[in-house]
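Engineer: So here's model-v9.tsv, just TSV, C-alpha atoms:
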```tsv
chain	number	residue	atom	x	y	z
R	122	MET	CA	33.58	-19.55	6.03
R	123	SER	CA	33.11	-17.05	8.86
R	124	ASP	CA	35.30	-14.51	7.05
R	125	ASP	CA	33.06	-15.00	4.11
R	126	ILE	CA	30.09	-13.85	6.23
R	127	ALA	CA	32.00	-10.74	7.31
R	128	GLU	CA	32.88	-9.90	3.73
R	129	ARG	CA	29.34	-10.38	2.49
R	130	VAL	CA	27.92	-8.24	5.32
R	131	LYS	CA	30.41	-5.46	4.54
R	132	LYS	CA	29.61	-5.63	0.85
R	133	ILE	CA	25.89	-5.21	1.56
R	134	VAL	CA	26.60	-2.25	3.85
R	135	VAL	CA	28.78	-0.58	1.22
R	136	GLU	CA	26.16	-1.08	-1.47
R	137	HIS	CA	23.17	0.02	0.59
R	138	LEU	CA	24.63	3.01	2.34
R	139	GLY	CA	26.86	4.11	-0.51
R	140	VAL	CA	29.90	4.50	1.75
R	141	GLU	CA	33.60	3.83	1.08
R	142	SER	CA	34.52	0.24	1.90
R	143	ASP	CA	37.42	1.30	4.15
R	144	LYS	CA	34.91	3.08	6.42
R	145	VAL	CA	33.01	-0.14	6.98
R	146	THR	CA	35.09	-1.47	9.88
R	147	GLU	CA	33.65	-3.97	12.31
R	148	ASP	CA	33.32	-1.31	15.00
R	149	ALA	CA	31.50	1.12	12.74
R	150	SER	CA	28.01	2.09	13.93
R	151	PHE	CA	25.49	2.22	11.11
R	152	ILE	CA	23.90	5.40	12.39
R	153	ASP	CA	26.77	7.26	14.07
R	154	ASP	CA	29.62	6.38	11.70
R	155	LEU	CA	28.02	5.44	8.42
R	156	GLY	CA	25.22	8.00	8.24
R	157	ALA	CA	22.35	5.51	8.16
R	158	ASP	CA	18.84	6.49	9.23
R	159	SER	CA	16.24	4.17	10.75
R	160	LEU	CA	14.81	3.28	7.35
R	161	ASP	CA	18.31	2.36	6.13
R	162	ILE	CA	18.59	-0.06	9.05
R	163	VAL	CA	15.31	-1.69	8.08
R	164	GLU	CA	16.60	-2.05	4.55
R	165	LEU	CA	19.93	-3.46	5.70
R	166	VAL	CA	18.18	-6.05	7.85
R	167	MET	CA	15.98	-6.98	4.87
R	168	ALA	CA	19.10	-7.35	2.72
R	169	PHE	CA	20.85	-9.50	5.33
R	170	GLU	CA	17.78	-11.70	5.59
R	171	GLU	CA	17.78	-12.24	1.88
R	172	GLU	CA	21.52	-12.70	1.42
R	173	PHE	CA	21.86	-15.22	4.23
R	174	ASN	CA	18.41	-16.74	4.00
R	175	VAL	CA	17.68	-16.09	7.68
R	176	GLU	CA	14.88	-14.37	9.51
R	177	ILE	CA	15.91	-11.56	11.84
R	178	PRO	CA	13.09	-10.81	14.30
R	179	ASP	CA	12.45	-7.20	15.34
R	180	ASP	CA	13.87	-7.54	18.84
R	181	ALA	CA	17.11	-8.94	17.40
R	182	ALA	CA	17.21	-6.32	14.66
R	183	GLU	CA	16.99	-3.56	17.26
R	184	LYS	CA	20.22	-4.76	18.81
R	185	ILE	CA	22.13	-4.72	15.54
R	186	THR	CA	23.73	-1.28	15.60
R	187	THR	CA	27.25	-1.97	14.34
R	188	VAL	CA	28.76	-3.97	11.51
R	189	LYS	CA	30.12	-6.42	14.08
R	190	ASP	CA	26.65	-6.89	15.61
R	191	ALA	CA	25.34	-7.94	12.22
R	192	ILE	CA	28.23	-10.31	11.52
R	193	ASP	CA	27.96	-11.91	14.98
R	194	TYR	CA	24.22	-12.33	14.74
R	195	ILE	CA	24.40	-14.04	11.36
R	196	ARG	CA	27.31	-16.24	12.45
R	197	ASN	CA	25.35	-17.36	15.51
R	198	VAL	CA	22.23	-18.14	13.54
R	199	LYS	CA	24.20	-19.98	10.88
R	200	ALA	CA	26.17	-21.95	13.50
R	201	ALA	CA	23.03	-23.01	15.34
S	23	MET	CA	1.77	11.29	-20.41
S	24	PHE	CA	0.70	8.85	-17.70
S	25	ASP	CA	2.00	5.85	-19.63
S	26	LEU	CA	2.07	2.81	-17.34
S	27	SER	CA	3.63	0.36	-19.81
S	28	GLY	CA	5.77	-2.22	-18.06
S	29	MET	CA	4.26	-1.43	-14.69
S	30	THR	CA	2.27	-3.81	-12.51
S	31	ALA	CA	-0.58	-3.01	-10.14
S	32	LEU	CA	-2.53	-4.74	-7.39
S	33	VAL	CA	-6.10	-3.43	-7.11
S	34	THR	CA	-8.26	-4.55	-4.18
S	35	GLY	CA	-12.03	-4.53	-4.44
S	36	ALA	CA	-11.56	-4.95	-8.18
S	37	SER	CA	-14.91	-6.65	-8.71
S	38	GLY	CA	-16.84	-3.56	-7.61
S	39	GLY	CA	-17.88	-0.56	-9.68
S	40	ILE	CA	-15.05	1.80	-8.78
S	41	GLY	CA	-12.46	-0.98	-8.50
S	42	SER	CA	-13.20	-2.39	-11.93
S	43	ALA	CA	-13.06	1.12	-13.43
S	44	ILE	CA	-9.64	1.61	-11.79
S	45	ALA	CA	-8.36	-1.72	-13.12
S	46	ALA	CA	-9.64	-0.82	-16.60
S	47	ALA	CA	-7.99	2.61	-16.57
S	48	LEU	CA	-4.62	1.32	-15.35
S	49	ALA	CA	-4.69	-1.48	-17.95
S	50	GLU	CA	-5.66	1.03	-20.63
S	51	GLN	CA	-2.42	2.91	-19.85
S	52	GLY	CA	-0.44	-0.32	-20.23
S	53	ALA	CA	-0.19	-1.71	-16.69
S	54	THR	CA	-0.57	-5.40	-15.89
S	55	ILE	CA	-3.13	-5.90	-13.13
S	56	ALA	CA	-3.64	-8.31	-10.24
S	57	LEU	CA	-7.33	-8.05	-9.40
S	58	SER	CA	-8.30	-8.86	-5.86
S	59	GLY	CA	-11.78	-9.25	-4.45
S	60	THR	CA	-14.02	-11.75	-2.76
S	61	ARG	CA	-16.08	-12.83	-5.78
S	62	GLU	CA	-13.85	-14.93	-8.01
S	63	GLY	CA	-16.34	-15.21	-10.86
S	64	LYS	CA	-16.80	-11.45	-11.01
S	65	LEU	CA	-13.03	-10.90	-10.86
S	66	ASP	CA	-12.50	-13.18	-13.85
S	67	GLU	CA	-15.28	-11.39	-15.68
S	68	VAL	CA	-13.63	-7.98	-15.10
S	69	ARG	CA	-10.24	-9.44	-15.99
S	70	GLY	CA	-11.63	-10.59	-19.36
S	71	THR	CA	-12.56	-7.01	-20.26
S	72	LEU	CA	-9.13	-5.50	-19.55
S	73	LYS	CA	-6.85	-4.30	-22.30
S	74	GLY	CA	-3.61	-6.26	-22.69
S	75	ASP	CA	-2.46	-9.64	-21.41
S	76	GLY	CA	-1.05	-11.14	-18.25
S	77	HIS	CA	-3.67	-9.88	-15.81
S	78	VAL	CA	-4.43	-12.22	-12.91
S	79	SER	CA	-7.24	-12.71	-10.39
S	80	LEU	CA	-6.28	-13.10	-6.74
S	81	PRO	CA	-9.39	-13.77	-4.65
S	82	CYS	CA	-8.87	-12.61	-1.08
S	83	ASN	CA	-11.03	-11.99	1.97
S	84	LEU	CA	-9.62	-8.84	3.53
S	85	SER	CA	-11.15	-9.60	6.93
S	86	ASP	CA	-8.72	-12.54	7.20
S	87	GLY	CA	-5.35	-11.19	8.39
S	88	ALA	CA	-3.31	-14.14	7.15
S	89	ALA	CA	-4.91	-13.94	3.70
S	90	VAL	CA	-4.18	-10.19	3.60
S	91	ASP	CA	-0.52	-10.76	4.48
S	92	ALA	CA	-0.23	-13.33	1.68
S	93	LEU	CA	-1.78	-11.09	-0.98
S	94	VAL	CA	1.17	-8.83	-1.86
S	95	PRO	CA	3.71	-11.70	-1.99
S	96	SER	CA	1.38	-13.63	-4.26
S	97	ALA	CA	0.90	-10.59	-6.54
S	98	VAL	CA	4.69	-10.16	-6.72
S	99	GLU	CA	5.06	-13.84	-7.55
S	100	LYS	CA	2.44	-13.74	-10.31
S	101	LEU	CA	3.42	-10.38	-11.82
S	102	GLY	CA	7.17	-10.50	-11.19
S	103	LYS	CA	7.17	-7.19	-9.28
S	104	LEU	CA	4.79	-4.62	-7.82
S	105	ASP	CA	4.89	-0.96	-8.83
S	106	ILE	CA	1.39	0.17	-7.88
S	107	LEU	CA	-0.90	-0.73	-4.97
S	108	VAL	CA	-4.48	0.54	-5.04
S	109	ASN	CA	-6.33	0.05	-1.74
S	110	ASN	CA	-9.86	0.31	-3.00
S	111	ALA	CA	-11.73	-2.43	-1.15
S	112	GLY	CA	-14.18	-1.26	1.46
S	113	ILE	CA	-17.31	-2.31	3.26
S	114	THR	CA	-20.06	-0.40	5.06
S	115	ARG	CA	-21.99	-1.40	8.17
S	116	ASP	CA	-24.04	1.75	8.65
S	117	ASN	CA	-25.82	2.46	11.89
S	118	LEU	CA	-26.37	5.41	14.18
S	119	ALA	CA	-23.53	5.50	16.68
S	120	MET	CA	-25.79	4.87	19.65
S	121	ARG	CA	-27.04	1.69	18.05
S	122	MET	CA	-23.78	0.61	16.46
S	123	LYS	CA	-22.63	-2.83	17.53
S	124	ASP	CA	-19.01	-3.53	18.40
S	125	GLU	CA	-18.77	-5.87	15.41
S	126	GLU	CA	-20.11	-3.22	13.04
S	127	TRP	CA	-17.36	-0.92	14.20
S	128	SER	CA	-14.57	-3.50	14.18
S	129	ASP	CA	-15.52	-5.17	10.88
S	130	VAL	CA	-15.34	-1.85	9.05
S	131	LEU	CA	-12.07	-0.84	10.71
S	132	ARG	CA	-10.54	-4.25	10.02
S	133	VAL	CA	-11.36	-4.40	6.31
S	134	ASN	CA	-11.14	-0.72	5.41
S	135	LEU	CA	-8.19	0.39	7.51
S	136	GLU	CA	-6.24	-2.50	8.98
S	137	ALA	CA	-6.14	-4.49	5.74
S	138	ALA	CA	-5.00	-1.37	3.90
S	139	PHE	CA	-2.19	-0.91	6.41
S	140	ARG	CA	-1.10	-4.53	6.12
S	141	LEU	CA	-1.04	-4.27	2.33
S	142	CYS	CA	0.97	-1.03	2.46
S	143	ARG	CA	3.45	-2.62	4.85
S	144	ALA	CA	3.88	-5.64	2.61
S	145	ALA	CA	4.10	-3.57	-0.58
S	146	ALA	CA	6.71	-1.22	0.89
S	147	ARG	CA	9.23	-4.04	0.92
S	148	PRO	CA	9.52	-4.73	-2.83
S	149	MET	CA	8.93	-1.05	-3.58
S	150	MET	CA	11.81	0.03	-1.32
S	151	LYS	CA	14.09	-2.41	-3.04
S	152	ALA	CA	13.01	-1.14	-6.42
S	153	ARG	CA	13.36	2.49	-5.30
S	154	PHE	CA	9.98	3.08	-6.89
S	155	GLY	CA	6.38	2.65	-5.83
S	156	ARG	CA	2.94	4.18	-6.02
S	157	ILE	CA	0.39	3.56	-3.30
S	158	VAL	CA	-3.07	5.03	-3.83
S	159	SER	CA	-5.82	4.47	-1.28
S	160	ILE	CA	-9.46	5.18	-1.98
S	161	THR	CA	-10.86	7.08	0.95
S	162	SER	CA	-14.11	9.07	0.91
S	163	ILE	CA	-15.51	12.55	1.24
S	164	VAL	CA	-17.10	11.14	4.40
S	165	GLY	CA	-13.64	10.76	5.96
S	166	ALA	CA	-13.26	14.54	5.76
S	167	THR	CA	-16.82	15.72	6.42
S	168	GLY	CA	-18.36	12.93	8.50
S	169	ASN	CA	-21.78	11.46	7.81
S	170	PRO	CA	-24.54	10.43	10.19
S	171	GLY	CA	-24.82	6.66	10.42
S	172	GLN	CA	-21.23	6.14	9.35
S	173	ALA	CA	-19.07	6.73	12.43
S	174	ASN	CA	-17.19	3.52	11.65
S	175	TYR	CA	-16.76	4.20	7.93
S	176	ALA	CA	-15.80	7.85	8.45
S	177	ALA	CA	-13.24	6.84	11.08
S	178	ALA	CA	-11.71	4.22	8.80
S	179	LYS	CA	-11.53	6.62	5.85
S	180	ALA	CA	-10.07	9.48	7.89
S	181	GLY	CA	-7.63	6.97	9.37
S	182	MET	CA	-6.51	6.06	5.89
S	183	VAL	CA	-5.62	9.70	5.18
S	184	GLY	CA	-3.50	10.01	8.33
S	185	MET	CA	-1.84	6.66	7.71
S	186	SER	CA	-1.02	7.63	4.14
S	187	LYS	CA	0.59	10.88	5.27
S	188	ALA	CA	2.78	9.04	7.77
S	189	LEU	CA	3.79	6.44	5.18
S	190	ALA	CA	4.42	9.17	2.64
S	191	GLN	CA	6.98	10.72	4.98
S	192	GLU	CA	8.63	7.39	5.76
S	193	LEU	CA	8.93	6.27	2.16
S	194	ALA	CA	9.46	9.47	0.14
S	195	SER	CA	13.26	9.08	0.14
S	196	ARG	CA	12.88	5.71	-1.58
S	197	GLY	CA	10.90	6.95	-4.56
S	198	ILE	CA	7.59	5.73	-3.16
S	199	THR	CA	4.59	8.05	-3.10
S	200	VAL	CA	1.53	7.45	-0.94
S	201	ASN	CA	-1.67	9.32	-1.76
S	202	CYS	CA	-5.44	9.11	-1.42
S	203	VAL	CA	-8.35	9.70	-3.74
S	204	ALA	CA	-11.56	10.75	-2.01
S	205	PRO	CA	-14.71	10.13	-4.05
S	206	GLY	CA	-17.92	12.01	-3.41
S	207	PHE	CA	-21.14	10.39	-4.61
S	208	ILE	CA	-20.40	7.98	-7.44
S	209	ARG	CA	-23.00	6.17	-9.52
S	210	SER	CA	-23.10	2.59	-8.27
S	211	ASP	CA	-25.47	-0.13	-7.13
S	212	MET	CA	-25.54	1.66	-3.79
S	213	THR	CA	-26.56	5.08	-5.13
S	214	ASP	CA	-28.93	3.51	-7.72
S	215	GLY	CA	-30.87	2.10	-4.81
S	216	LEU	CA	-31.55	5.50	-3.23
S	217	PRO	CA	-35.17	6.76	-3.39
S	218	ASP	CA	-35.72	9.47	-6.02
S	219	ALA	CA	-36.52	12.13	-3.42
S	220	GLN	CA	-33.25	11.47	-1.64
S	221	LYS	CA	-31.36	11.43	-4.93
S	222	SER	CA	-32.68	14.83	-5.99
S	223	ALA	CA	-31.95	16.27	-2.54
S	224	LEU	CA	-28.42	14.95	-2.92
S	225	LEU	CA	-27.99	16.55	-6.33
S	226	THR	CA	-28.79	20.01	-4.98
S	227	LYS	CA	-25.61	19.73	-2.90
S	228	ILE	CA	-23.41	18.91	-5.87
S	229	PRO	CA	-22.43	21.99	-7.90
S	230	ALA	CA	-21.66	19.76	-10.91
S	231	GLY	CA	-25.34	18.72	-10.79
S	232	ASP	CA	-24.69	15.01	-11.27
S	233	LEU	CA	-23.23	11.97	-9.60
S	234	GLY	CA	-19.71	10.96	-10.56
S	235	GLU	CA	-18.72	7.84	-12.49
S	236	GLY	CA	-16.20	5.15	-11.59
S	237	ALA	CA	-14.10	6.46	-14.47
S	238	ASP	CA	-13.78	9.85	-12.71
S	239	ILE	CA	-12.12	8.12	-9.77
S	240	ALA	CA	-10.06	5.89	-12.04
S	241	ALA	CA	-8.61	8.91	-13.84
S	242	ALA	CA	-7.43	10.42	-10.55
S	243	VAL	CA	-5.87	7.09	-9.52
S	244	THR	CA	-4.14	6.79	-12.90
S	245	TYR	CA	-2.56	10.19	-12.46
S	246	LEU	CA	-1.29	9.46	-8.94
S	247	ALA	CA	0.02	6.05	-10.11
S	248	SER	CA	1.97	7.57	-12.97
S	249	ARG	CA	5.67	8.38	-13.07
S	250	GLU	CA	4.69	12.00	-13.76
S	251	ALA	CA	3.09	12.31	-10.29
S	252	GLY	CA	6.35	11.42	-8.54
S	253	TYR	CA	6.56	14.75	-6.68
S	254	VAL	CA	3.03	14.45	-5.26
S	255	THR	CA	2.89	12.58	-1.97
S	256	GLY	CA	0.81	12.56	1.22
S	257	GLU	CA	-1.97	14.25	-0.73
S	258	THR	CA	-5.69	13.55	-0.96
S	259	LEU	CA	-7.31	14.29	-4.28
S	260	HIS	CA	-11.03	15.00	-3.83
S	261	VAL	CA	-13.21	13.96	-6.77
S	262	ASN	CA	-16.73	15.04	-5.88
S	263	GLY	CA	-18.17	17.46	-8.43
S	264	GLY	CA	-17.55	20.36	-6.06
S	265	MET	CA	-19.67	18.90	-3.27
S	266	ALA	CA	-16.97	19.75	-0.71
S	267	MET	CA	-13.98	21.94	-1.47
S	268	LEU	CA	-11.33	21.00	1.03
```
In structure tokens, write the structure found in this file.

Structural biologist:
Amino acid sequence: MSDDIAERVKKIVVEHLGVESDKVTEDASFIDDLGADSLDIVELVMAFEEEFNVEIPDDAAEKITTVKDAIDYIRNVKAA
Amino acid sequence: MFDLSGMTALVTGASGGIGSAIAAALAEQGATIALSGTREGKLDEVRGTLKGDGHVSLPCNLSDGAAVDALVPSAVEKLGKLDILVNNAGITRDNLAMRMKDEEWSDVLRVNLEAAFRLCRAAARPMMKARFGRIVSITSIVGATGNPGQANYAAAKAGMVGMSKALAQELASRGITVNCVAPGFIRSDMTDGLPDAQKSALLTKIPAGDLGEGADIAAAVTYLASREAGYVTGETLHVNGGMAML
């Protein structure tokens, strides 16, 4: 199931940022590698919250800067 | 032009003179309206006069933060989506600054400015997702010119203009415009109560020679809420019969 989370996160990133899926690696930084701005990050977090039915508080959202950060955060919340 | 068919709008202060005129004008252009205000009976009365079906009343006390935060989600739930937010509700607690009580200051700021911010913040969410939104806030000529006895009201209204400009910059790339309409003196229960001498003194300052009507404000709101106004953002449209040309 954890791979499923990774795939769903990547799909959301591809859709929201309009980037090629092969660019969305786990190490990719939303801002530096994928061209996101701060508003895009807010939107991504909103989309993650909806997709995974979780609440991501601001202080946690601030630490989500890469695709991997997002996947790890959601995995942790879901595992808890 | 300015067809709002298929669009939905939340109007605060919809039981008042200007608010009910705004609701009527938006409904006339085809929008479905959620009317918010404190007086439920009056809201239902206004709702009954609107053109079209599906309008809803959402009573809300804007001095209650939790109730404010719940208002946009409940409008979205009732209307299915939210295209237009009109921040029209406002209160006055006039007093000369030296006599103004802390509560008179904070009540006005809380209802007129803080509630408007909370509603904008909540509305931005569905609007961002939809890549479309129109936020129109009713400010006042007093926010630009000041007025003795209204330090609190003038501060709240000027604050609304600055807030709208900041939001306009944040949200422009998502198809959301954020503008203000600034009424001058509009015929209402408040202006009807002025003594005749004061009323005629007032009229000498208005080149148009008359007070405005709620419909004058509603027309400006309708324009800014329309698809056609999509390239106008961060702007304040003054509707005051020429009383101040800013």

Engineer: Once you count all atoms listed in the file, which residues end up no further than 8 Å from (24.9, -2.9, 5.1) in the file's frame, shown as a VMD selection string?

Structural biologist: chain R and resid 130 to 138 151 162 165 to 166 168 to 169 188

Engineer: Quick check: residues of chain S within 10 Å of chain R, only C-alpha atoms, returned as a ChimeraX atom specification.

Structural biologist: /S:147,150-151,192-193,195-196

Engineer: For atom CA of S:Leu246 and atom CA of S:Val90, determine how far apart the two atoms are, in Å to one decimal place.

Structural biologist: 23.5 Å

Engineer: If I take atom CA of S:Gly102 and atom CA of S:Thr30, how far is one from the other in Å, to one decimal?

Structural biologist: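 Distance between the two atoms: 8.4 Å.
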
Engineer: Can you work out which one of S:Gly59, S:Gly112, S:Gly35, S:Pro148 has the shortest atom-to-atom distance to S:Asn174, counting only C-alpha atoms?

Structural biologist: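 Checking each of S:Gly59, S:Gly112, S:Gly35, S:Pro148 against S:Asn174, counting only C-alpha atoms, the winner is S:Gly112.
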
Engineer: To one decimal place in Å, what is the distance between atom CA of S:Phe154 and atom CA of R:Ser142?

Structural biologist: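 So the two atoms, atom CA of S:Phe154 and atom CA of R:Ser142, lie 26.2 Å apart.
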
Engineer: I'd like the contact shell of S:Pro170 - 10 Å cut-off, all atoms listed in the file, skipping same-chain residues fewer than 3 positions apart - returned as a PyMOL selection string.

Structural biologist: chain S and resi 116-119+164+173+176

Engineer: I'd like the neighbourhood of S:Ala242 as a ChimeraX atom specification, where a residue qualifies if any of its atoms comes within 9 Å (using all atoms listed in the file), though same-chain residues fewer than 2 positions away should be ignored.

Structural biologist: /S:203,237-240,244-247,259-261

Engineer: Dump N, CA, C and O atoms of stretch 152-166 of chain R from the given block, as a PDB file, in the first residue's frame.

Structural biologist:
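Output file part.pdb is given in full below:
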```
ATOM      1  N   ILE R 152      10.024  23.485  -5.255  1.00  0.00           N
ATOM      2  CA  ILE R 152      10.357  24.835  -5.704  1.00  0.00           C
ATOM      3  C   ILE R 152      11.567  24.832  -6.637  1.00  0.00           C
ATOM      4  O   ILE R 152      11.523  25.387  -7.741  1.00  0.00           O
ATOM      5  N   ASP R 153      12.656  24.167  -6.208  1.00  0.00           N
ATOM      6  CA  ASP R 153      13.896  24.247  -6.989  1.00  0.00           C
ATOM      7  C   ASP R 153      13.862  23.421  -8.270  1.00  0.00           C
ATOM      8  O   ASP R 153      14.420  23.828  -9.287  1.00  0.00           O
ATOM      9  N   ASP R 154      13.229  22.248  -8.220  1.00  0.00           N
ATOM     10  CA  ASP R 154      13.274  21.356  -9.384  1.00  0.00           C
ATOM     11  C   ASP R 154      11.998  21.369 -10.223  1.00  0.00           C
ATOM     12  O   ASP R 154      12.034  21.093 -11.415  1.00  0.00           O
ATOM     13  N   LEU R 155      10.892  21.657  -9.577  1.00  0.00           N
ATOM     14  CA  LEU R 155       9.621  21.506 -10.295  1.00  0.00           C
ATOM     15  C   LEU R 155       8.947  22.850 -10.577  1.00  0.00           C
ATOM     16  O   LEU R 155       7.831  22.895 -11.101  1.00  0.00           O
ATOM     17  N   GLY R 156       9.616  23.933 -10.222  1.00  0.00           N
ATOM     18  CA  GLY R 156       9.123  25.260 -10.599  1.00  0.00           C
ATOM     19  C   GLY R 156       7.902  25.741  -9.835  1.00  0.00           C
ATOM     20  O   GLY R 156       7.181  26.634 -10.296  1.00  0.00           O
ATOM     21  N   ALA R 157       7.661  25.159  -8.651  1.00  0.00           N
ATOM     22  CA  ALA R 157       6.490  25.582  -7.882  1.00  0.00           C
ATOM     23  C   ALA R 157       6.774  26.914  -7.186  1.00  0.00           C
ATOM     24  O   ALA R 157       7.926  27.217  -6.853  1.00  0.00           O
ATOM     25  N   ASP R 158       5.716  27.708  -6.965  1.00  0.00           N
ATOM     26  CA  ASP R 158       5.859  28.881  -6.102  1.00  0.00           C
ATOM     27  C   ASP R 158       5.132  28.593  -4.786  1.00  0.00           C
ATOM     28  O   ASP R 158       4.569  27.509  -4.610  1.00  0.00           O
ATOM     29  N   SER R 159       5.162  29.561  -3.867  1.00  0.00           N
ATOM     30  CA  SER R 159       4.618  29.285  -2.537  1.00  0.00           C
ATOM     31  C   SER R 159       3.120  28.969  -2.580  1.00  0.00           C
ATOM     32  O   SER R 159       2.625  28.167  -1.805  1.00  0.00           O
ATOM     33  N   LEU R 160       2.421  29.611  -3.516  1.00  0.00           N
ATOM     34  CA  LEU R 160       0.987  29.340  -3.634  1.00  0.00           C
ATOM     35  C   LEU R 160       0.739  27.918  -4.155  1.00  0.00           C
ATOM     36  O   LEU R 160      -0.219  27.251  -3.749  1.00  0.00           O
ATOM     37  N   ASP R 161       1.634  27.462  -5.057  1.00  0.00           N
ATOM     38  CA  ASP R 161       1.523  26.077  -5.539  1.00  0.00           C
ATOM     39  C   ASP R 161       1.653  25.088  -4.383  1.00  0.00           C
ATOM     40  O   ASP R 161       0.946  24.078  -4.329  1.00  0.00           O
ATOM     41  N   ILE R 162       2.579  25.402  -3.458  1.00  0.00           N
ATOM     42  CA  ILE R 162       2.777  24.503  -2.312  1.00  0.00           C
ATOM     43  C   ILE R 162       1.495  24.433  -1.473  1.00  0.00           C
ATOM     44  O   ILE R 162       1.080  23.358  -1.048  1.00  0.00           O
ATOM     45  N   VAL R 163       0.897  25.595  -1.259  1.00  0.00           N
ATOM     46  CA  VAL R 163      -0.367  25.623  -0.499  1.00  0.00           C
ATOM     47  C   VAL R 163      -1.403  24.746  -1.189  1.00  0.00           C
ATOM     48  O   VAL R 163      -2.115  23.963  -0.555  1.00  0.00           O
ATOM     49  N   GLU R 164      -1.464  24.882  -2.505  1.00  0.00           N
ATOM     50  CA  GLU R 164      -2.437  24.087  -3.260  1.00  0.00           C
ATOM     51  C   GLU R 164      -2.136  22.597  -3.194  1.00  0.00           C
ATOM     52  O   GLU R 164      -3.049  21.764  -3.088  1.00  0.00           O
ATOM     53  N   LEU R 165      -0.852  22.253  -3.289  1.00  0.00           N
ATOM     54  CA  LEU R 165      -0.455  20.845  -3.211  1.00  0.00           C
ATOM     55  C   LEU R 165      -0.857  20.254  -1.863  1.00  0.00           C
ATOM     56  O   LEU R 165      -1.428  19.164  -1.800  1.00  0.00           O
ATOM     57  N   VAL R 166      -0.571  21.012  -0.800  1.00  0.00           N
ATOM     58  CA  VAL R 166      -0.912  20.526   0.542  1.00  0.00           C
ATOM     59  C   VAL R 166      -2.421  20.327   0.657  1.00  0.00           C
ATOM     60  O   VAL R 166      -2.901  19.314   1.174  1.00  0.00           O
TER      61      VAL R 166
END
```
